[in-house]
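Below is one structure, written out as structure tokens; comments come after it.
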Number of protein chains: 2
Amino acid sequence: MGVTQVIIGVPKEICPGEERVALTPANVGALLKKQGVEILIERGAGEAAGFTDGEYENAGAKLVDRDNVFSNAQAILQVQTPGSNTTNGDKDLDNLKADQFLIGMTDPLANPQFAQTLAEHKVTGIALELIPRITRAQSMDVLSSMAMIAGYKCVLLAANASHRMFPMNMTAAGTLNASRVFVMGAGVAGLQACATAKRLGAIVEAYDVRPAAREQILSVGAKPVELDLDTGEAEGSGGYAKAQGEDFLKRQRELMTEVIKEMDVVVTTAAVPGAKSPILVTADMVKAMKPGSVIVDLAAERGGNCELTKAGETVVENGVLIIGPTNVPSSVPFHASQMFGKNMENLLNLLLDDNGDLQLDFEDQIVADTVISHGGDVPQARLREMLGLP
Amino acid sequence: MGVTQVIIGVPKEICPGEERVALTPANVGALLKKQGVEILIERGAGEAAGFTDGEYENAGAKLVDRDNVFSNAQAILQVQTPGSNTTNGDKDLDNLKADQFLIGMTDPLANPQFAQTLAEHKVTGIALELIPRITRAQSMDVLSSMAMIAGYKCVLLAANASHRMFPMNMTAAGTLNASRVFVMGAGVAGLQACATAKRLGAIVEAYDVRPAAREQILSVGAKPVELDLDTGEAEGSGGYAKAQGEDFLKRQRELMTEVIKEMDVVVTTAAVPGAKSPILVTADMVKAMKPGSVIVDLAAERGGNCELTKAGETVVENGVLIIGPTNVPSSVPFHASQMFGKNMENLLNLLLDDNGDLQLDFEDQIVADTVISHGGDVPQARLREMLGLP
């Protein structure tokens with residue numbers, strides 16, 4: 001038995017509707033193989049995702065109450081920290097202590113002020129959304145892993161709401177045509193949406209402003225839709241789409257109207273990190289669609305890619321259903337937690353040294369990009385700029 | 001222009017939640033090619049299914065109000081007649097006139113009394129559920145076509161509610177196992193459920209008491225589960241499963257418990273026409289399942305194949321979701337109406353002679369099996385027996 005160097009704590013998520021958990025029993029088992037690590041799990045933390053207290057205990061965790069987690073852990077792991085949980089996350093703020101680590105999603109680009117709040121509390125905050133898109137960090141990239149789940153699930157939401165079956169069927173009572181599905185935005189979520197709709201038998205087309213997306217769209221069995229637009233500058237850093245000017249978007253909308261009116265299902269996934277989502281589907285486009293068609297807007301939380309989207313609601317306009325789901329990954333909580341927990345485990349393996357101490361090497365891009373508060377300051381360059389700090 | 005011999009009328013469905021329509025514009029167009037046929041459609045009849053009044057008009061129908069349909073049509077076509085619509089179907093009973101035809105679903109084996117009611121009204125009732133399972137009548141078989149839709153949709157309901165993704169995923173954050181889906185009952189709905197779950201990437205197994213189902217299960221890419229049971233007498237007439245004795249069912253349940261506890265999703269489709277559904281999934285079996293597992297019980301309307309099913313509700317027991325959907329085909333109303341309408345069109349083509357007169361040839365098995373009331377009497381042999389008529 002080594003000496004405990006670090007206590008890692010996982011409280012139960014408190015954000016309404018949040019069913020994921022920051023570590024699974026498998027992650028607990030893996031982390032406890034490291035020297036000097038102890039893990040506290042709040043009772044019931046994994047229940048909504050399908051992981052029982054017994055499984056955590058068998059993996060070697062101590063089951064405790066919430067106060068115990070916050071009082072004794074040196075690192076608090078959350079799916080949604082108070083930075084991303086603007087509903088009731090504040091409750092946890094006073095539980096945090098100086099020199100404690102808080103690792104989880106903080107919505108850093110939409111809520112940069114949270115970095116300052118943590119700095120004031122002298123907490124070391126690590127924002128998982130800022131994991132750089134470099135090869136070495138792929139295994140920690142929660143945005144990618146959650147986007148994969150969201151892309152899958154949004155197609156199920158669409159198929160479930162649709163008045164038509166996705167696959168073609170030739171039956172004794174005639175032929176049913178396959179549904180036509182159009183995916184807007186071909187990032188991780190969009191490509192997974194294409195693949196899922198294709199699996200279900202739909203005719204799938206997809207569009208992305210980035211010319212590089214063409215090959216990726218083809219690779220998941222969908223047909224790239226090409227519009228006559230100047231897209232040379234569409235790809236920003238890190239592989240995300242860049243925000244576009246209004247002229248560009250206007251011309252895009254004109255051409256898109258012709259495409260969209262033929263579709264049975266439209267899935268929009270065009271989110272720009274930290275910014276309001278671009279409107280890709282206007283009210284006029286919705287009017288041109290067939291009654292019984294479905295739009296699922298994965299960007300609903302950031303204002304939506306459809307002009308009529310209401311986050312957390314299903315709007316019916318002219319017979320077209322516009323579904324604006326929020327926190328989609330949480331609706332597949334077992335697999336989403338499995339991926340989130342693995343991302344978290346991989347990050348902790350980077351931060352924990354051989355003695356079980358948490359170390360921050362700011363020469364490492366992963367550390368430099370993700371640590372949003374430390375020693376009472378905000379070290380992260382992009383956030384300093386957003387916050388107007390020198 | 002020929003002389004109108006028959007006026008066919010399609011009222012809007014009134015049963016709550018019923019979104020299908022008995023004829024689509026395409027069926028109207030096809031039927032109007034026959035000599036002497038005129039078609040009245042109640043305004044808005046196809047709206048919920050995605051067929052506009054304009055489309056019916058373009059196909060040659062007259063758009064009228066409900067009273068006009070019932071007063072002037074010689075044949076009333078409904079998806080749900082007052083026989084199957086026990087909620088508010090009675091409203092239509094007084095609208096029916098002597099010598100009128102009423103063609104639609106009447107739930108004849110569960111509600112044989114309805115045949116007598118129609119006989120008292122001197123209405124000629126045709127129950128689509130009684131279309132015989134013979135090759136010539138396949139194109140009229142609404143039970144098969146609606147079961148196909150229900151089998152597809154129930155898998156979407158399951159996938160949508162599941163805490164896990166169906167397909168296996170190998171990602172930078174580790175491997176997500178494919179979901180295991182178990183389909184009980186391998187009729188049309190069960191086989192379509194297998195095919196749909198397979199498309200989505202799940203590992204699919206299926207069980208049916210009829211030994212003949214084995215090949216069919218294999219043919220849709222699923223693995224047949226075999227239990228050590230004497231199943232020699234399991235197949236009844238018409239390809240449906242026969243009701244089984246209690247000893248047989250008890251042994252089946254014991255063996256089944258072992259199978260079910262490994263599953264992420266269970267879909268049950270074992271309905272026996274006109275009878276209460278057999279209990280295949282007991283409360284004890286549900287207890288043995290993992291939290292976050294899902295049961296979709298397609299037999300919910302007939303009492304359910306799961307002991308805990310509540311029709312029209314989702315019950316959560318021990319972390320297991322038990323979904324008891326009702327009228328599933330109506331939730332895919334466009335394609336369901338397309339199939340229902342084509343079945344109806346094919347039946348009408350059989351009944352209409354070259355002059356556009358409705359003729360009943362009781363020598364024809366299709367007519368003999370489906371006409372439940374005519375000339376003030378109940379001619380159908382099985383119903384006479386159920387009603388205790390000589």
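All residue names refer to the structure tokens as shown: chains lettered A, B, ... in order, residues numbered from 1 in each chain, ligands numbered from 1 in order.
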
Should the cut-off be 9 Å, what would the residue list for chain A against chain B look like, counting only C-alpha atoms, as a ChimeraX atom specification?
/A:47-52,138-142,145,149,152-153,156-157,159-165,171-177,196-197,199-201,290-293,319,330-336,338-343,346

Pick out the residues sitting within 7 Å of stretch 119-133 of chain A, and hand them over as a ChimeraX atom specification; count only C-alpha atoms, and ignore anything fewer than 6 positions along from it in its own chain.
/A:97-108,140-143,238,366,369-378

So which bits of stretch 89-308 of chain B end up alpha helix (DSSP H) when you DSSP the backbone, as JSON, numbers by chain?
{"B": [90, 91, 92, 93, 113, 114, 115, 116, 117, 118, 119, 120, 142, 143, 144, 145, 146, 147, 148, 149, 150, 151, 152, 153, 154, 155, 156, 157, 158, 159, 160, 161, 188, 189, 190, 191, 192, 193, 194, 195, 196, 197, 198, 199, 213, 214, 215, 216, 217, 218, 219, 246, 247, 248, 249, 250, 251, 252, 253, 254, 255, 256, 257, 258, 259, 260, 283, 284, 285, 286, 287, 288]}
